[in-house]
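K.L.:
Input: one structure, supplied below.
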Amino acid sequence: MKTAVVTGVAGGIGGKLAESLAEDGYHVICVDLAEGVAEVAGSLPSASYVQADLTDASGRGAVAAAVEAAGGLDLLVNNAGITRDARLIKMEPAQFESVLAVNLGSVYQLTDQLVPYLRDGGSIVSISSRAYLGNFGQYNYSMSKGGIVGLTRALALDLAPRIRVNAIAPGLIETPMAMAIPDEERKKMVNAVPLKKMGHSSDIAEAVSWLADGKRSGYVTGHVLVVGGGRSLI
């Protein structure tokens, strides 16, 4: 059985990613700091979980130990992320630093630790965001997601031909975070999407499934796939 690590599974997108990969036949090692990680893992046919802080070396070590116990790794999905939005003049250093530490620092550090366990033909998919192109009030978040794009392209060159490395940049996805946006503001955001609708977690899960499958996307590496209803540079 193939093995996948999915981080941030207690979030709106992460749980769907884990579910989709389990349906694809993976044993899913679910990772999150939140207690909900156990519930997600318990709902899957073949899964285990690690409740850990990925900004901490011991947390990353616990994930590596779970991968070693599983006998190796076929897919790493870096999905964990946080937001701490504020205008530049109001952003506190802790807001800036925490987002960079979780969204970018831990992605690099966990990937670096798990690469030796990835089998030949393995795949890494990191969840960036359309925000890497810039979002008002999200200087820290946009910077972190842009860093994932650069990291993805550099890793793809470094790890080829043994491992493929890609990223997905979701647009406006119907998650609890998005639904917390005031109605009028959210309507404006939806109206700016050419397809005139929000995406769903399943859209991101399908994209991850495709990029992870060497038979369907075996000649794709170093790519950033925008899943945003047609809204990319606009």
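Each chain in the structure tokens gets a letter, A, B and so on, in the order shown; residues start at 1 in every chain, and ligands are counted from 1 in the order they appear.
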Could you give me, as a Markdown table, a per-residue list for region 131-230 of chain A showing, wherever an atom lies at most 8 Å from an atom of region 97-113 of chain A, the closest pair of atoms and their distance in Å to one decimal, using only C-alpha atoms and sorting by chain then residue number from low to high?

P.N.:
```
| residue | atom | partner | partner_atom | distance |
| --- | --- | --- | --- | --- |
| A:Asn140 | CA | A:Val99 | CA | 6.3 |
| A:Tyr141 | CA | A:Val99 | CA | 6.4 |
| A:Met143 | CA | A:Leu100 | CA | 7.8 |
| A:Ser144 | CA | A:Leu104 | CA | 5.4 |
| A:Lys145 | CA | A:Asn103 | CA | 7.1 |
| A:Gly147 | CA | A:Leu104 | CA | 6.5 |
| A:Ile148 | CA | A:Leu104 | CA | 6.3 |
| A:Leu151 | CA | A:Tyr108 | CA | 7.6 |
```

K.L.:
Enumerate the residues of region 42-165 of chain A with a DSSP assignment of helix (DSSP H, G or I), computed from the backbone, and present them as number ranges by chain.

P.N.:
A: 42, 57-70, 88-90, 93-117, 130-133, 139-159

K.L.:
Next, dump the selected residues to file, keeping only C-alpha atoms, as a compact mmCIF listing (two decimals), in the first residue's frame.

P.N.:
```txt
# COMPACT_ATOMS: atom_id res chain seq x y z
CA GLY A 42 -10.43 7.61 12.50
CA ALA A 57 11.92 19.82 15.72
CA SER A 58 10.34 17.21 17.97
CA GLY A 59 7.05 17.52 16.08
CA ARG A 60 8.76 16.96 12.74
CA GLY A 61 10.68 14.10 14.27
CA ALA A 62 7.41 12.44 15.29
CA VAL A 63 6.19 12.61 11.69
CA ALA A 64 9.46 11.12 10.44
CA ALA A 65 9.11 8.30 12.98
CA ALA A 66 5.58 7.55 11.71
CA VAL A 67 6.86 7.45 8.13
CA GLU A 68 9.70 5.13 9.12
CA ALA A 69 7.24 2.84 10.89
CA ALA A 70 5.13 2.75 7.71
CA LEU A 88 1.44 46.79 7.20
CA ILE A 89 1.41 49.65 9.71
CA LYS A 90 -0.57 47.53 12.19
CA PRO A 93 6.31 41.23 14.51
CA ALA A 94 4.76 38.12 16.08
CA GLN A 95 2.02 38.08 13.42
CA PHE A 96 4.57 38.29 10.66
CA GLU A 97 6.99 35.76 12.10
CA SER A 98 4.39 33.12 13.04
CA VAL A 99 2.93 32.99 9.53
CA LEU A 100 6.35 32.66 7.95
CA ALA A 101 7.35 29.98 10.46
CA VAL A 102 4.27 27.81 9.85
CA ASN A 103 3.53 28.43 6.18
CA LEU A 104 7.06 28.38 4.82
CA GLY A 105 9.66 27.46 7.42
CA SER A 106 7.97 24.26 8.54
CA VAL A 107 7.26 23.27 4.93
CA TYR A 108 10.94 23.44 4.07
CA GLN A 109 12.05 21.76 7.31
CA LEU A 110 9.55 18.89 7.13
CA THR A 111 10.23 18.31 3.44
CA ASP A 112 13.97 18.25 4.08
CA GLN A 113 13.46 15.67 6.84
CA LEU A 114 11.15 13.41 4.84
CA VAL A 115 12.87 13.43 1.43
CA PRO A 116 15.17 10.51 2.39
CA TYR A 117 12.07 8.38 3.02
CA ARG A 130 -3.38 32.64 -5.35
CA ALA A 131 -2.42 35.18 -2.66
CA TYR A 132 1.21 34.67 -3.66
CA LEU A 133 0.42 37.26 -6.34
CA TYR A 139 1.82 40.79 3.49
CA ASN A 140 2.98 37.90 5.65
CA TYR A 141 0.64 35.34 4.06
CA SER A 142 1.42 36.42 0.48
CA MET A 143 5.14 36.32 1.22
CA SER A 144 4.90 32.83 2.73
CA LYS A 145 2.87 31.46 -0.19
CA GLY A 146 5.23 33.07 -2.70
CA GLY A 147 8.07 31.37 -0.86
CA ILE A 148 6.37 28.03 -1.43
CA VAL A 149 6.34 28.72 -5.17
CA GLY A 150 10.08 29.40 -5.17
CA LEU A 151 10.76 26.40 -2.96
CA THR A 152 8.69 24.15 -5.24
CA ARG A 153 10.61 25.15 -8.36
CA ALA A 154 14.00 24.84 -6.69
CA LEU A 155 13.17 21.44 -5.18
CA ALA A 156 11.86 20.17 -8.52
CA LEU A 157 15.27 20.83 -10.06
CA ASP A 158 17.15 19.39 -7.10
CA LEU A 159 15.12 16.18 -6.70
```

K.L.:
Interatomic distance between CA of Val6 (chain A) and CA of Ala80 (chain A)?

P.N.:
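Rounded to one decimal, the two atoms are 8.4 Å apart.
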
K.L.:
Hey, what's within 9 Å of Ala207 (chain A) if we count only C-alpha atoms and toss same-chain stuff fewer than 4 positions away? As a CSV table (one decimal) with N, CA and C atoms, in the first residue's frame, please?

P.N.:
```csv
chain,number,residue,atom,x,y,z
A,168,ILE,N,0.0,23.7,-5.7
A,168,ILE,CA,-1.3,24.2,-6.1
A,168,ILE,C,-1.6,25.5,-5.4
A,202,SER,N,-13.1,19.8,-2.6
A,202,SER,CA,-12.9,18.6,-3.5
A,202,SER,C,-12.2,19.0,-4.8
A,203,ASP,N,-12.3,20.3,-5.2
A,203,ASP,CA,-11.5,20.8,-6.4
A,203,ASP,C,-10.0,20.7,-6.1
A,211,LEU,N,-1.8,15.4,-9.5
A,211,LEU,CA,-0.4,15.7,-9.5
A,211,LEU,C,0.4,14.5,-8.8
A,212,ALA,N,-0.3,13.8,-7.9
A,212,ALA,CA,0.4,12.7,-7.2
A,212,ALA,C,0.5,11.5,-8.0
A,225,LEU,N,-0.1,25.0,-10.1
A,225,LEU,CA,-1.4,24.9,-10.7
A,225,LEU,C,-2.4,25.8,-10.0
A,227,VAL,N,-5.9,26.8,-9.0
A,227,VAL,CA,-7.2,26.3,-9.0
A,227,VAL,C,-8.1,27.4,-8.5
```

K.L.:
Using only C-alpha atoms, find each residue in region 45-158 of chain A having at least one atom no more than 7 Å away from region 169-175 of chain A; report its shortest atom-to-atom pair and that distance in Å (one decimal), rows by chain then rising number, as CSV.

P.N.:
```
residue,atom,partner,partner_atom,distance
A:Ile127,CA,A:Ala169,CA,6.2
A:Ser128,CA,A:Ala169,CA,4.7
A:Ser129,CA,A:Ala169,CA,3.9
A:Arg130,CA,A:Ala169,CA,5.0
```

K.L.:
Please give the complete set of residues from region 15-162 of chain A that DSSP, run on the backbone, assigns to strand (DSSP E or B), formatted as a VMD selection string.

P.N.:
chain A and resid 26 to 32 47 to 51 73 to 78 86 118 to 127 138

K.L.:
Please save N, CA and C atoms of the selected residues as a compact mmCIF listing (two decimals), in the first residue's frame.

P.N.:
```txt
# COMPACT_ATOMS: atom_id res chain seq x y z
N TYR A 26 -4.21 5.12 -0.63
CA TYR A 26 -3.08 5.44 0.25
C TYR A 26 -3.40 5.11 1.71
N HIS A 27 -2.38 4.70 2.44
CA HIS A 27 -2.42 4.80 3.89
C HIS A 27 -2.02 6.24 4.20
N VAL A 28 -2.89 6.97 4.88
CA VAL A 28 -2.66 8.39 5.09
C VAL A 28 -2.19 8.65 6.52
N ILE A 29 -1.02 9.24 6.64
CA ILE A 29 -0.53 9.71 7.93
C ILE A 29 -1.01 11.15 8.09
N CYS A 30 -2.00 11.34 8.94
CA CYS A 30 -2.63 12.64 9.12
C CYS A 30 -1.86 13.44 10.17
N VAL A 31 -1.57 14.69 9.86
CA VAL A 31 -0.76 15.52 10.76
C VAL A 31 -1.46 16.85 11.00
N ASP A 32 -1.55 17.24 12.27
CA ASP A 32 -2.10 18.55 12.61
C ASP A 32 -1.79 18.84 14.07
N ALA A 47 -5.37 4.67 8.03
CA ALA A 47 -4.76 5.94 8.41
C ALA A 47 -4.17 5.84 9.81
N SER A 48 -3.23 6.71 10.06
CA SER A 48 -2.68 6.93 11.39
C SER A 48 -2.55 8.43 11.56
N TYR A 49 -2.20 8.88 12.73
CA TYR A 49 -2.11 10.33 12.90
C TYR A 49 -0.98 10.72 13.83
N VAL A 50 -0.52 11.95 13.64
CA VAL A 50 0.48 12.55 14.51
C VAL A 50 -0.03 13.94 14.87
N GLN A 51 -0.26 14.18 16.13
CA GLN A 51 -0.64 15.51 16.59
C GLN A 51 0.64 16.23 16.99
N LEU A 73 7.70 6.37 2.15
CA LEU A 73 6.73 7.40 1.78
C LEU A 73 6.65 7.52 0.27
N ASP A 74 5.42 7.71 -0.23
CA ASP A 74 5.20 7.91 -1.66
C ASP A 74 4.76 9.33 -1.99
N LEU A 75 4.12 9.99 -1.02
CA LEU A 75 3.56 11.32 -1.28
C LEU A 75 3.59 12.16 -0.02
N LEU A 76 4.07 13.39 -0.17
CA LEU A 76 4.02 14.38 0.90
C LEU A 76 3.17 15.55 0.43
N VAL A 77 2.12 15.85 1.18
CA VAL A 77 1.27 17.00 0.87
C VAL A 77 1.43 18.03 1.99
N ASN A 78 2.10 19.12 1.67
CA ASN A 78 2.31 20.22 2.63
C ASN A 78 1.12 21.17 2.56
N ALA A 86 -3.22 41.72 8.68
CA ALA A 86 -3.23 43.10 9.18
C ALA A 86 -2.60 44.00 8.14
N LEU A 118 11.27 9.20 0.86
CA LEU A 118 10.44 9.13 -0.36
C LEU A 118 11.00 8.09 -1.33
N ARG A 119 10.13 7.23 -1.77
CA ARG A 119 10.53 6.19 -2.71
C ARG A 119 10.72 6.78 -4.11
N ASP A 120 11.49 6.10 -4.94
CA ASP A 120 11.65 6.53 -6.32
C ASP A 120 10.29 6.65 -6.98
N GLY A 121 10.07 7.72 -7.71
CA GLY A 121 8.78 7.96 -8.32
C GLY A 121 7.81 8.68 -7.39
N GLY A 122 8.29 9.05 -6.21
CA GLY A 122 7.45 9.75 -5.24
C GLY A 122 7.14 11.17 -5.67
N SER A 123 6.28 11.80 -4.89
CA SER A 123 5.80 13.13 -5.27
C SER A 123 5.62 14.00 -4.04
N ILE A 124 5.88 15.29 -4.22
CA ILE A 124 5.61 16.30 -3.20
C ILE A 124 4.66 17.32 -3.81
N VAL A 125 3.57 17.60 -3.10
CA VAL A 125 2.63 18.64 -3.53
C VAL A 125 2.43 19.60 -2.36
N SER A 126 2.75 20.86 -2.57
CA SER A 126 2.58 21.86 -1.52
C SER A 126 1.43 22.80 -1.88
N ILE A 127 0.65 23.16 -0.88
CA ILE A 127 -0.48 24.06 -1.11
C ILE A 127 -0.03 25.49 -0.91
N GLN A 138 -2.39 41.11 3.57
CA GLN A 138 -1.83 39.78 3.78
C GLN A 138 -0.35 39.74 3.38
```

K.L.:
Just want the 12 Å neighbourhood of Glu19 (chain A), counted on only C-alpha atoms, with same-chain residues fewer than 5 positions away dropped. Output as number ranges by chain.

P.N.:
A: 4, 6, 9-10, 12-14, 24-30, 39-47, 201-202, 204-206, 208-209

K.L.:
Keeping C-alpha atoms for every residue in the selection just given, could you write it to a file as an mmCIF file, in the first residue's frame?

P.N.:
```cif
data_model
loop_
_atom_site.group_PDB
_atom_site.id
_atom_site.type_symbol
_atom_site.label_atom_id
_atom_site.label_comp_id
_atom_site.auth_asym_id
_atom_site.auth_seq_id
_atom_site.Cartn_x
_atom_site.Cartn_y
_atom_site.Cartn_z
ATOM 1 C CA ALA A 4 1.010 9.654 2.082
ATOM 2 C CA VAL A 6 -0.917 15.153 4.715
ATOM 3 C CA VAL A 9 -5.822 17.769 8.062
ATOM 4 C CA ALA A 10 -8.061 19.389 10.688
ATOM 5 C CA GLY A 12 -11.288 22.929 5.758
ATOM 6 C CA ILE A 13 -9.193 21.637 2.861
ATOM 7 C CA GLY A 14 -6.900 19.199 4.665
ATOM 8 C CA ASP A 24 -7.028 6.505 -4.035
ATOM 9 C CA GLY A 25 -5.595 3.659 -1.972
ATOM 10 C CA TYR A 26 -3.083 5.435 0.247
ATOM 11 C CA HIS A 27 -2.423 4.800 3.894
ATOM 12 C CA VAL A 28 -2.661 8.394 5.089
ATOM 13 C CA ILE A 29 -0.530 9.708 7.934
ATOM 14 C CA CYS A 30 -2.632 12.644 9.123
ATOM 15 C CA GLU A 39 -11.129 12.255 14.294
ATOM 16 C CA VAL A 40 -10.055 12.699 10.672
ATOM 17 C CA ALA A 41 -7.730 9.697 10.823
ATOM 18 C CA GLY A 42 -10.428 7.606 12.497
ATOM 19 C CA SER A 43 -12.823 8.259 9.629
ATOM 20 C CA LEU A 44 -10.481 6.808 6.996
ATOM 21 C CA PRO A 45 -10.121 3.147 5.988
ATOM 22 C CA SER A 46 -6.338 3.115 6.448
ATOM 23 C CA ALA A 47 -4.756 5.938 8.414
ATOM 24 C CA SER A 201 -12.244 21.492 -1.112
ATOM 25 C CA SER A 202 -12.949 18.644 -3.528
ATOM 26 C CA ILE A 204 -8.220 21.003 -4.535
ATOM 27 C CA ALA A 205 -8.333 17.310 -3.643
ATOM 28 C CA GLU A 206 -8.815 16.337 -7.284
ATOM 29 C CA VAL A 208 -3.638 16.885 -5.612
ATOM 30 C CA SER A 209 -4.751 13.416 -6.708
#
```

K.L.:
Smallest atom-to-atom distance to Met198 (chain A): which of A:Gly222, A:Gly214, A:Gly229, A:Arg164, using only C-alpha atoms?

P.N.:
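When distances to Met198 (chain A) are compared using only C-alpha atoms, the smallest one comes from A:Gly229.
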
K.L.:
What is the CA of Gly36 (chain A)-CA of Val190 (chain A) distance in Å, reported with one decimal?

P.N.:
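Distance between the two atoms: 29.5 Å.
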
K.L.:
Measure the distance from CA of Val37 (chain A) to CA of Ala18 (chain A) in Å and round it to one decimal.

P.N.:
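Taking CA of Val37 (chain A) and CA of Ala18 (chain A), their separation equals 10.5 Å.
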